[in-house]
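**Student:** One structure, as structure tokens, below. Some questions next.
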Amino acid sequence: MEPIFYFFALLPVVSFLYSSVGHGGASGYLALMALFSFPNEIMKQTALILNLFVAGISFYQYYKAGHFKFKLFVWFAVGSIPAAYLGGVFNIDPNLYKKILGLLLLVAVARMLYKPSSSEAVKNVSPYQAILIGGLIGFFSGLIGIGGGIILTPVLLLLHWSSMKEAATISALFIWVNSSAALIGQFSSGVAFSTSILPMIILALAGGLMGSYYGSKKWNNQKLEYLLVVVLAAASFKLLLI
């Protein structure tokens with residue numbers, strides 16, 4: 001069987017797992033594309049486009065379940081949207097891109113393995129903190145081709161600024177707006193998009209629909225998350241050391 005068929009088989013699994021925790025899955029898609037040796041020049045925009053569809057579905061499902069806190073989201077978005085656009089305009093050296101992405105995937109692995117305690121009370125975050133953190137995450141997200149949820153979610157949980165479900169909902173919309181801004185930045189810098197991404201969108205949508213539905217309710221997919229950790233770690237190893 002051709003390697004590309006394995007890629008297509010794994011893609012909906014990745015979108016399923018990420019959408020179940022309110023993420024668009026860009027770091028997972030980038031990991032898969034790295035494992036299957038996709039050209040660097042198409043990885044960034046492909047991951048961002050898939051992010052739009054899957055994160056949009058995730059947000060809708062979590063929003064319907066009543067987990068959205070607009071006042072918490074808006075200040076992060078104020079900082080992140082212009083920064084993500086700026087990051088999307090920049091194109092960095094392919095070797096540097098690989099190293100940064102490899103480190104990012106290790107962050108994603110840590111996020112998957114980290115299971116925060118829910119015993120502490122939720123604390124308030126100041127608008128200034130949210131704008132600064134949102135801006136930093138947004139620029140980095142646009143530069144690499146992710147939505148930033150894989151970074152924002154652990155920040156929200158580690159600092160006890162939201163519950164797990166609220167963090168998933170906020171991160172899903174955060175990913176959507178950042179991916180949109182970064183893609184606009186890509187368009188403005190002259191990047192062209194190919195229709196060959198259509199099968200990937202369909203497969204990612206299928207996995208995202210199922211994952212966000214079960215994740216926004218009460219399904220626990222911890223064992224499957226550990227399988228995703230293996231994929232991310234393998235991709236990180238390839239990018240950093242090979």
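Ordering of the structure tokens sets the chain letters (A, B, ...), residue numbers begin anew at 1 in every chain, and ligands are numbered from 1 in the order given.
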Determine which residues of range 150-228 of chain A receive a DSSP assignment of helix (DSSP H, G or I), computed from the backbone, and state them as an NGL selection string.

**Tutor:** :A and (150-158 or 164-188 or 195-216 or 222-228)

**Student:** Applying 8 Å and only C-alpha atoms, which residues near Asn51 in chain A remain after dropping the ones on its own chain fewer than 5 positions away? List them as a ChimeraX atom specification.

**Tutor:** /A:24-26,56,146-147,175-176,179

**Student:** Write the residues you've just listed into a file as a JSON list (two decimals), in the first residue's frame, and include N, CA and C atoms for each of them.

**Tutor:**
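Once written, result-v8.json looks like this:
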```
[["chain", "number", "residue", "atom", "x", "y", "z"],
["A", 24, "GLY", "N", -7.87, 22.39, 17.05],
["A", 24, "GLY", "CA", -8.02, 22.21, 15.61],
["A", 24, "GLY", "C", -7.15, 21.10, 15.05],
["A", 25, "GLY", "N", -6.03, 20.82, 15.74],
["A", 25, "GLY", "CA", -5.19, 19.69, 15.33],
["A", 25, "GLY", "C", -3.98, 20.04, 14.49],
["A", 26, "ALA", "N", -3.65, 21.34, 14.35],
["A", 26, "ALA", "CA", -2.56, 21.72, 13.45],
["A", 26, "ALA", "C", -1.24, 21.05, 13.79],
["A", 56, "GLY", "N", -13.55, 25.11, 14.12],
["A", 56, "GLY", "CA", -14.90, 25.67, 14.03],
["A", 56, "GLY", "C", -15.95, 24.69, 14.52],
["A", 146, "ILE", "N", 0.07, 27.06, 13.21],
["A", 146, "ILE", "CA", -0.86, 26.43, 14.15],
["A", 146, "ILE", "C", -1.85, 27.49, 14.62],
["A", 147, "GLY", "N", -2.84, 27.09, 15.40],
["A", 147, "GLY", "CA", -3.81, 28.06, 15.90],
["A", 147, "GLY", "C", -3.49, 28.57, 17.28],
["A", 175, "ILE", "N", -8.14, 29.31, 18.27],
["A", 175, "ILE", "CA", -7.50, 28.65, 17.12],
["A", 175, "ILE", "C", -8.11, 29.13, 15.81],
["A", 176, "TRP", "N", -9.44, 29.25, 15.79],
["A", 176, "TRP", "CA", -10.13, 29.64, 14.55],
["A", 176, "TRP", "C", -9.74, 31.05, 14.12],
["A", 179, "SER", "N", -5.98, 31.17, 13.08],
["A", 179, "SER", "CA", -5.75, 30.50, 11.80],
["A", 179, "SER", "C", -6.25, 31.37, 10.65]]
```

**Student:** Residues at most 8 Å from range 42-47 of chain A, counting only C-alpha atoms, excluding those fewer than 2 positions away in the same chain, as a list in words?

**Tutor:** Gly25, Ala26, Ser27, Tyr29, Leu30, Met33, Phe38, Pro39, Asn40, Ile49, Leu50, Asn51, Ile144, Gly145, Ile146, Leu183, Gln186, Phe193 and Ile197 of chain A

**Student:** Asn178 in chain A: which residues within 7 Å, counting only C-alpha atoms, same-chain residues fewer than 5 positions away excluded, as a ChimeraX atom specification?

**Tutor:** /A:80-81,84,138,147

**Student:** Tell me, as number ranges by chain, which residues lie within 12 Å of Ala9 in chain A, counting only C-alpha atoms; anything in the same chain fewer than 5 positions away does not count.

**Tutor:** A: 1-4, 14-16, 32, 199-200, 203-204, 206-207

**Student:** Leaving out Leu209 in chain A and any residue of its chain fewer than 4 positions from it, which residues lie within 10 Å of it when counting only C-alpha atoms, given as a ChimeraX atom specification?

**Tutor:** /A:12,15-16,19-20,53-58,61,204-205,213-214

**Student:** Just C-alpha atoms for this one: save the residues we selected as a PDB file, in the first residue's frame.

**Tutor:**
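In the end it all went to out_29.pdb:
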```pdb
ATOM      1  CA  PRO A  12      -9.217  11.687  10.674  1.00  0.00           C
ATOM      2  CA  SER A  15      -8.612  15.419  13.967  1.00  0.00           C
ATOM      3  CA  PHE A  16     -10.874  13.233  16.124  1.00  0.00           C
ATOM      4  CA  SER A  19     -11.273  18.108  18.377  1.00  0.00           C
ATOM      5  CA  SER A  20     -12.320  16.042  21.389  1.00  0.00           C
ATOM      6  CA  PHE A  53     -12.729  23.514   9.735  1.00  0.00           C
ATOM      7  CA  VAL A  54     -11.964  21.330  12.749  1.00  0.00           C
ATOM      8  CA  ALA A  55     -11.650  24.143  15.307  1.00  0.00           C
ATOM      9  CA  GLY A  56     -14.898  25.668  14.028  1.00  0.00           C
ATOM     10  CA  ILE A  57     -16.717  22.395  14.594  1.00  0.00           C
ATOM     11  CA  SER A  58     -15.144  21.977  18.030  1.00  0.00           C
ATOM     12  CA  GLN A  61     -20.134  21.691  19.918  1.00  0.00           C
ATOM     13  CA  ALA A 204     -10.401  16.051   8.907  1.00  0.00           C
ATOM     14  CA  LEU A 205     -14.039  17.205   9.012  1.00  0.00           C
ATOM     15  CA  TYR A 213     -19.355  15.719  19.719  1.00  0.00           C
ATOM     16  CA  TYR A 214     -18.009  13.137  22.167  1.00  0.00           C
TER      17      TYR A 214
END
```

**Student:** Between A:Gly66, A:Leu136, A:Gly102, A:Asn91, single out the one closest to Ala234 in chain A, counting only C-alpha atoms.

**Tutor:** A:Gly102
